[in-house]
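Heads up, the thing below is written out as structure tokens.
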Amino acid sequence: MTGLDTNVLVRYVMQDDPRQSARATRLIESFTGEAPGFVPVVAVLELVWVLSGGYGLGRPQVAAALESLLRSKELVVDRADLVAQALARFRDAGADFADTLIERIAVAAGCPVTMTFDVSAAKAAGMTLVP
């Protein structure tokens, strides 16, 4: 397996730099089911931040990019089950992706609640407000 940094994923998804995007595409398309690329969960989170903040993509476009990564047979997404659960809340409940991912990882670690001061994270991402 070969690990992938966020910038490689951004160039592949956005195709915005002729030289780097071509190199990212060659690399990612060279992976196979037997020799896949690996996308760390931190790179997934950074990808969402870059696509929405840096490129101004809307929720549907960001969700489509994540769905594509999760469906790929040539990429292994770290904690894919939790990323998929977070993506569903991001897409369907309007929650912030980072908040949903934090909450899902905490639940998987055995935490019955995830405490926050963020009212929107409590409403949409399933966290609990600190009293």
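Residues in the structure tokens are numbered from 1 in each chain, the chains being A, B, ... in the order shown, and ligands are numbered from 1 in the order shown.
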| Polymer residues at most 12 Å from A:Ala109, only C-alpha atoms, same-chain spacing of 5 or more positions, as a ChimeraX atom specification | /A:79,82,102-104,114
| request: Considering only C-alpha atoms, return as a ChimeraX atom specification whatever protein or nucleic-acid residues lie within 12 Å of A:Val113, sequence-local ones (same chain, fewer than 6 positions apart) excluded. | output: /A:102-107,122,125-130
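Straight-line separation from atom CA of A:Gln15 to atom CA of A:Val83: 23.4 Å.
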| request: For stretch 89-97 of chain A, please output as a PyMOL selection string all residues within 10 Å (counting only C-alpha atoms; exclusion window: fewer than 2 positions along the same chain). | output: chain A and resi 44-45+48-49+59-60+62-64+83-87+99-103+120-126
Emit the selected residues as a CSV table (one decimal), in the first residue's frame, including N, CA, C and O atoms.
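Listing of out12.csv after writing:
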```
chain,number,residue,atom,x,y,z
A,44,VAL,N,-8.6,12.7,4.8
A,44,VAL,CA,-10.0,12.9,4.5
A,44,VAL,C,-10.5,14.2,5.0
A,44,VAL,O,-11.2,15.0,4.4
A,45,LEU,N,-10.2,14.4,6.3
A,45,LEU,CA,-10.7,15.6,7.0
A,45,LEU,C,-10.1,16.9,6.3
A,45,LEU,O,-10.8,17.8,6.0
A,48,VAL,N,-11.8,17.6,3.0
A,48,VAL,CA,-13.1,18.3,3.1
A,48,VAL,C,-12.9,19.8,3.4
A,48,VAL,O,-13.5,20.7,2.8
A,49,TRP,N,-11.9,20.1,4.3
A,49,TRP,CA,-11.6,21.5,4.6
A,49,TRP,C,-11.1,22.3,3.3
A,49,TRP,O,-11.6,23.4,3.1
A,59,ARG,N,-21.7,21.5,-0.3
A,59,ARG,CA,-21.9,20.2,0.4
A,59,ARG,C,-22.1,19.1,-0.6
A,59,ARG,O,-21.5,18.0,-0.5
A,60,PRO,N,-22.9,19.3,-1.7
A,60,PRO,CA,-23.1,18.2,-2.6
A,60,PRO,C,-21.8,17.8,-3.4
A,60,PRO,O,-21.6,16.6,-3.5
A,62,VAL,N,-18.7,18.2,-2.3
A,62,VAL,CA,-17.8,17.6,-1.3
A,62,VAL,C,-18.2,16.2,-1.0
A,62,VAL,O,-17.4,15.3,-1.0
A,63,ALA,N,-19.5,16.0,-0.8
A,63,ALA,CA,-20.0,14.7,-0.5
A,63,ALA,C,-19.7,13.7,-1.7
A,63,ALA,O,-19.4,12.6,-1.5
A,64,ALA,N,-19.9,14.2,-2.9
A,64,ALA,CA,-19.6,13.4,-4.1
A,64,ALA,C,-18.2,13.0,-4.2
A,64,ALA,O,-17.9,11.8,-4.5
A,83,VAL,N,-16.0,7.1,8.4
A,83,VAL,CA,-16.1,8.2,7.4
A,83,VAL,C,-17.4,8.2,6.7
A,83,VAL,O,-18.0,9.2,6.5
A,84,ALA,N,-17.9,7.0,6.3
A,84,ALA,CA,-19.2,6.8,5.6
A,84,ALA,C,-20.3,7.3,6.6
A,84,ALA,O,-21.3,8.0,6.1
A,85,GLN,N,-20.3,7.0,7.8
A,85,GLN,CA,-21.3,7.4,8.8
A,85,GLN,C,-21.3,8.9,8.9
A,85,GLN,O,-22.3,9.6,8.9
A,86,ALA,N,-20.1,9.5,9.0
A,86,ALA,CA,-19.9,10.9,9.2
A,86,ALA,C,-20.4,11.6,7.9
A,86,ALA,O,-21.1,12.7,7.9
A,87,LEU,N,-20.1,11.0,6.7
A,87,LEU,CA,-20.6,11.6,5.5
A,87,LEU,C,-22.1,11.6,5.4
A,87,LEU,O,-22.7,12.6,4.9
A,99,ASP,N,-17.1,17.7,12.8
A,99,ASP,CA,-17.9,17.4,14.0
A,99,ASP,C,-18.4,16.0,13.9
A,99,ASP,O,-18.4,15.2,14.9
A,100,THR,N,-19.0,15.6,12.8
A,100,THR,CA,-19.6,14.3,12.7
A,100,THR,C,-18.5,13.2,12.8
A,100,THR,O,-18.7,12.2,13.4
A,101,LEU,N,-17.3,13.5,12.2
A,101,LEU,CA,-16.2,12.5,12.2
A,101,LEU,C,-15.7,12.3,13.7
A,101,LEU,O,-15.5,11.2,14.1
A,102,ILE,N,-15.6,13.5,14.3
A,102,ILE,CA,-15.1,13.4,15.8
A,102,ILE,C,-16.1,12.6,16.6
A,102,ILE,O,-15.7,11.7,17.3
A,103,GLU,N,-17.4,12.8,16.4
A,103,GLU,CA,-18.4,12.1,17.2
A,103,GLU,C,-18.4,10.6,16.8
A,103,GLU,O,-18.5,9.8,17.7
A,120,SER,N,-24.4,23.9,17.3
A,120,SER,CA,-24.7,23.2,16.0
A,120,SER,C,-24.2,21.8,16.0
A,120,SER,O,-24.8,20.9,15.4
A,121,ALA,N,-23.0,21.5,16.6
A,121,ALA,CA,-22.5,20.2,16.7
A,121,ALA,C,-23.4,19.3,17.6
A,121,ALA,O,-23.6,18.1,17.3
A,122,ALA,N,-24.0,19.9,18.6
A,122,ALA,CA,-24.9,19.1,19.4
A,122,ALA,C,-26.2,18.8,18.7
A,122,ALA,O,-26.7,17.7,18.8
A,123,LYS,N,-26.7,19.7,17.9
A,123,LYS,CA,-27.9,19.5,17.1
A,123,LYS,C,-27.7,18.6,16.0
A,123,LYS,O,-28.5,17.6,15.8
A,124,ALA,N,-26.7,18.8,15.1
A,124,ALA,CA,-26.6,18.1,13.9
A,124,ALA,C,-25.6,16.9,13.9
A,124,ALA,O,-25.8,16.0,13.1
A,125,ALA,N,-24.6,16.9,14.8
A,125,ALA,CA,-23.6,15.9,14.8
A,125,ALA,C,-23.7,14.9,15.9
A,125,ALA,O,-22.9,14.0,16.0
A,126,GLY,N,-24.7,15.1,16.7
A,126,GLY,CA,-25.0,14.1,17.8
A,126,GLY,C,-24.2,14.2,19.0
A,126,GLY,O,-24.1,13.3,19.9
```
| request: Can you check which residues of stretch 14-131 of chain A DSSP gives as alpha helix (DSSP H) on the backbone and send them as a PyMOL selection string? | output: chain A and resi 14+18-30+41-49+59-71+80-92+97-108+119-124
| said: Using DSSP secondary structure from the backbone, list all strand (DSSP E or B) positions within chain A, as a count of residues only. | reply: 12
| field | Contacts of A:Asp5 at 10 Å (only C-alpha atoms; same-chain gap of 5+ positions) as a VMD selection string | value | chain A and resid 10 38 to 40 42 to 44 46 to 47
Given the selection you just returned, output its residues as a file containing N, CA and C atoms, formatted as a compact mmCIF listing (two decimals), in the first residue's frame.
```
# COMPACT_ATOMS: atom_id res chain seq x y z
N VAL A 10 -6.25 16.40 -3.48
CA VAL A 10 -6.80 17.65 -3.99
C VAL A 10 -6.50 17.80 -5.47
N PHE A 38 -3.57 4.32 0.07
CA PHE A 38 -4.14 4.43 1.41
C PHE A 38 -4.41 5.90 1.71
N VAL A 39 -5.65 6.20 2.13
CA VAL A 39 -6.05 7.56 2.46
C VAL A 39 -6.26 7.65 3.96
N PRO A 40 -5.32 8.26 4.70
CA PRO A 40 -5.49 8.39 6.15
C PRO A 40 -6.70 9.25 6.50
N VAL A 42 -7.02 11.57 8.55
CA VAL A 42 -6.67 12.99 8.64
C VAL A 42 -6.67 13.63 7.25
N ALA A 43 -6.24 12.90 6.24
CA ALA A 43 -6.26 13.41 4.87
C ALA A 43 -7.70 13.59 4.38
N VAL A 44 -8.60 12.72 4.80
CA VAL A 44 -10.01 12.88 4.45
C VAL A 44 -10.54 14.18 5.04
N GLU A 46 -8.81 16.84 6.04
CA GLU A 46 -8.18 17.97 5.36
C GLU A 46 -8.77 18.19 3.97
N LEU A 47 -9.06 17.11 3.27
CA LEU A 47 -9.65 17.22 1.93
C LEU A 47 -10.98 17.97 1.99
```
| Quick one: residues within 10 Å of A:Leu75, only C-alpha atoms counted, chain neighbours fewer than 3 positions away excluded, as a PyMOL selection string? | chain A and resi 1-4+28-29+31-33+35-39+68-72+78
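Using only C-alpha atoms, the smallest distance between any of A:Ala22, A:Val76, A:Met14, A:Ala88 and A:Gly54 comes from A:Met14.
Taking atom CA of A:Gly58 as the reference point, atom CA of A:Val119 is found at 21.8 Å.
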